[in-house]
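Student: What follows is the file entry14.csv, containing CSV, C-alpha atoms:
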chain,number,residue,atom,x,y,z
E,1008,MET,CA,8.7,-21.8,13.8
E,1009,THR,CA,10.1,-19.0,11.7
E,1010,MET,CA,6.8,-18.2,10.0
E,1011,PRO,CA,5.0,-17.1,13.2
E,1012,ILE,CA,8.1,-14.9,14.1
E,1013,LEU,CA,8.0,-13.3,10.6
E,1014,LYS,CA,4.3,-12.7,10.8
E,1015,GLY,CA,4.7,-11.1,14.2
E,1016,LEU,CA,7.5,-8.8,12.9
E,1017,LEU,CA,5.4,-7.8,9.9
E,1018,GLN,CA,2.4,-7.0,12.1
E,1019,GLY,CA,4.6,-4.9,14.4
E,1020,TYR,CA,6.1,-3.1,11.4
E,1021,MET,CA,2.6,-2.4,9.9
E,1022,LYS,CA,1.4,-1.2,13.2
E,1023,SER,CA,4.3,1.3,13.5
E,1024,LEU,CA,3.7,2.5,10.0
E,1025,PHE,CA,0.0,3.2,10.9
E,1026,GLU,CA,1.0,4.9,14.1
E,1027,GLU,CA,3.5,7.1,12.3
E,1028,GLY,CA,0.9,8.1,9.7
E,1029,VAL,CA,2.8,6.5,6.8
E,1030,VAL,CA,-0.3,4.4,6.0
E,1031,ASN,CA,-3.9,4.9,6.9
E,1032,ASP,CA,-7.2,2.9,6.8
E,1033,GLN,CA,-7.1,2.7,3.0
E,1034,PHE,CA,-4.0,0.6,3.4
E,1035,ASN,CA,-5.9,-1.9,5.5
E,1036,VAL,CA,-8.7,-2.0,3.0
E,1037,ILE,CA,-6.2,-2.8,0.2
E,1038,MET,CA,-4.6,-5.5,2.3
E,1039,SER,CA,-8.0,-7.0,3.1
E,1040,LEU,CA,-8.7,-7.4,-0.6
E,1041,LYS,CA,-5.6,-9.6,-0.8
E,1042,HIS,CA,-7.1,-12.0,1.7
E,1043,ILE,CA,-10.5,-12.2,0.0
E,1044,GLY,CA,-9.1,-14.1,-2.9
E,1045,GLU,CA,-7.5,-11.4,-5.1
E,1046,PRO,CA,-3.8,-11.7,-4.2
E,1047,ASP,CA,-2.7,-9.5,-7.2
E,1048,CYS,CA,-5.4,-6.9,-6.5
E,1049,ALA,CA,-3.3,-5.0,-4.0
E,1050,VAL,CA,-0.3,-4.9,-6.4
E,1051,GLN,CA,-2.5,-3.8,-9.3
E,1052,LEU,CA,-4.0,-1.0,-7.2
E,1053,ILE,CA,-0.6,0.3,-6.1
E,1054,GLU,CA,0.7,0.2,-9.7
E,1055,THR,CA,-2.3,2.1,-10.9
E,1056,TYR,CA,-1.9,4.6,-8.1
E,1057,PHE,CA,1.8,5.3,-9.0
E,1058,ALA,CA,0.9,5.6,-12.7
E,1059,ASP,CA,-1.8,8.1,-11.9
E,1060,VAL,CA,0.5,10.1,-9.6
E,1061,GLU,CA,3.2,10.2,-12.3
E,1062,LYS,CA,0.7,11.4,-14.8
E,1063,ILE,CA,-0.6,14.1,-12.5
E,1064,LEU,CA,2.8,15.3,-11.5
E,1065,SER,CA,3.8,15.5,-15.2
E,1066,GLU,CA,0.7,17.6,-16.0
E,1067,LEU,CA,1.4,19.9,-13.0
E,1068,SER,CA,5.0,20.4,-14.0
E,1069,HIS,CA,3.8,21.6,-17.5
E,1070,HIS,CA,1.5,24.2,-15.9
E,1071,VAL,CA,4.1,25.7,-13.6
Step by step, read the file and then write its structure as C-alpha cells.
Tutor:
Amino acid sequence: MTMPILKGLLQGYMKSLFEEGVVNDQFNVIMSLKHIGEPDCAVQLIETYFADVEKILSELSHHV
C-alpha cells in the first residue's frame, strides 16, 4: 500500500520540478536509461556532469 503512495508522491514531485524548470527533457532521458537495465547509469552520468562542472569552474576562475 505505501509503495503506490510513494510512487505517486515522487511522480508529483518530478512533475513540479519539470514545471518549475529545475529539470528538463534531458532529465527524463537519463531517468529512462535507469529503466532500460542500467540502474547505475544515471548516477554515473550525474557524477561525471558534476566533475566536469567543477573542472570548468576551476578553469574559469583561473582566467578571471
Student: In Å, rounded to a single decimal, give me how far CA of Ile1063 (chain E) is from CA of Ile1037 (chain E).
Tutor: 21.9 Å
Student: What does the distance between CA of Phe1034 (chain E) and CA of Cys1048 (chain E) come to in Å, to one decimal place?
Tutor: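 Those two atoms sit 12.5 Å apart.
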Student: Can you tell me how far CA of Gly1028 (chain E) sits from CA of Val1060 (chain E), in Å to one decimal?
Tutor: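 These atoms are spaced 19.4 Å apart.
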Student: Could you give me region 1047-1062 of chain E completed to N, CA, C and O atoms, formatted as an mmCIF file, in the frame of the given file?
Tutor:
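Output saved as result-v9.cif:
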data_model
loop_
_atom_site.group_PDB
_atom_site.id
_atom_site.type_symbol
_atom_site.label_atom_id
_atom_site.label_comp_id
_atom_site.auth_asym_id
_atom_site.auth_seq_id
_atom_site.Cartn_x
_atom_site.Cartn_y
_atom_site.Cartn_z
ATOM 1 N N ASP E 1047 -3.418 -10.539 -6.324
ATOM 2 C CA ASP E 1047 -2.700 -9.500 -7.200
ATOM 3 C C ASP E 1047 -3.452 -8.190 -7.150
ATOM 4 O O ASP E 1047 -2.957 -7.214 -7.703
ATOM 5 N N CYS E 1048 -4.617 -8.137 -6.521
ATOM 6 C CA CYS E 1048 -5.400 -6.900 -6.500
ATOM 7 C C CYS E 1048 -4.647 -5.767 -5.846
ATOM 8 O O CYS E 1048 -4.634 -4.648 -6.364
ATOM 9 N N ALA E 1049 -4.009 -6.014 -4.735
ATOM 10 C CA ALA E 1049 -3.300 -5.000 -4.000
ATOM 11 C C ALA E 1049 -2.138 -4.442 -4.892
ATOM 12 O O ALA E 1049 -1.930 -3.230 -4.989
ATOM 13 N N VAL E 1050 -1.431 -5.330 -5.560
ATOM 14 C CA VAL E 1050 -0.300 -4.900 -6.400
ATOM 15 C C VAL E 1050 -0.851 -4.084 -7.582
ATOM 16 O O VAL E 1050 -0.278 -3.040 -7.915
ATOM 17 N N GLN E 1051 -1.942 -4.495 -8.182
ATOM 18 C CA GLN E 1051 -2.500 -3.800 -9.300
ATOM 19 C C GLN E 1051 -2.991 -2.367 -8.850
ATOM 20 O O GLN E 1051 -2.785 -1.375 -9.566
ATOM 21 N N LEU E 1052 -3.603 -2.273 -7.687
ATOM 22 C CA LEU E 1052 -4.000 -1.000 -7.200
ATOM 23 C C LEU E 1052 -2.863 -0.038 -6.939
ATOM 24 O O LEU E 1052 -2.919 1.147 -7.278
ATOM 25 N N ILE E 1053 -1.808 -0.571 -6.375
ATOM 26 C CA ILE E 1053 -0.600 0.300 -6.100
ATOM 27 C C ILE E 1053 0.033 0.694 -7.397
ATOM 28 O O ILE E 1053 0.417 1.862 -7.545
ATOM 29 N N GLU E 1054 0.135 -0.197 -8.375
ATOM 30 C CA GLU E 1054 0.700 0.200 -9.700
ATOM 31 C C GLU E 1054 -0.119 1.250 -10.359
ATOM 32 O O GLU E 1054 0.420 2.197 -10.925
ATOM 33 N N THR E 1055 -1.440 1.103 -10.302
ATOM 34 C CA THR E 1055 -2.300 2.100 -10.900
ATOM 35 C C THR E 1055 -2.168 3.448 -10.191
ATOM 36 O O THR E 1055 -2.111 4.496 -10.835
ATOM 37 N N TYR E 1056 -2.073 3.412 -8.879
ATOM 38 C CA TYR E 1056 -1.900 4.600 -8.100
ATOM 39 C C TYR E 1056 -0.620 5.360 -8.517
ATOM 40 O O TYR E 1056 -0.636 6.562 -8.784
ATOM 41 N N PHE E 1057 0.490 4.639 -8.596
ATOM 42 C CA PHE E 1057 1.800 5.300 -9.000
ATOM 43 C C PHE E 1057 1.720 5.798 -10.392
ATOM 44 O O PHE E 1057 2.277 6.862 -10.685
ATOM 45 N N ALA E 1058 1.068 5.088 -11.301
ATOM 46 C CA ALA E 1058 0.900 5.600 -12.700
ATOM 47 C C ALA E 1058 0.131 6.867 -12.709
ATOM 48 O O ALA E 1058 0.488 7.818 -13.424
ATOM 49 N N ASP E 1059 -0.951 6.911 -11.941
ATOM 50 C CA ASP E 1059 -1.800 8.100 -11.900
ATOM 51 C C ASP E 1059 -1.001 9.289 -11.270
ATOM 52 O O ASP E 1059 -1.090 10.420 -11.756
ATOM 53 N N VAL E 1060 -0.251 9.019 -10.211
ATOM 54 C CA VAL E 1060 0.500 10.100 -9.600
ATOM 55 C C VAL E 1060 1.568 10.626 -10.547
ATOM 56 O O VAL E 1060 1.747 11.843 -10.658
ATOM 57 N N GLU E 1061 2.229 9.743 -11.273
ATOM 58 C CA GLU E 1061 3.200 10.200 -12.300
ATOM 59 C C GLU E 1061 2.597 11.061 -13.326
ATOM 60 O O GLU E 1061 3.130 12.110 -13.694
ATOM 61 N N LYS E 1062 1.424 10.671 -13.793
ATOM 62 C CA LYS E 1062 0.700 11.400 -14.800
ATOM 63 C C LYS E 1062 0.315 12.825 -14.268
ATOM 64 O O LYS E 1062 0.507 13.844 -14.925
#
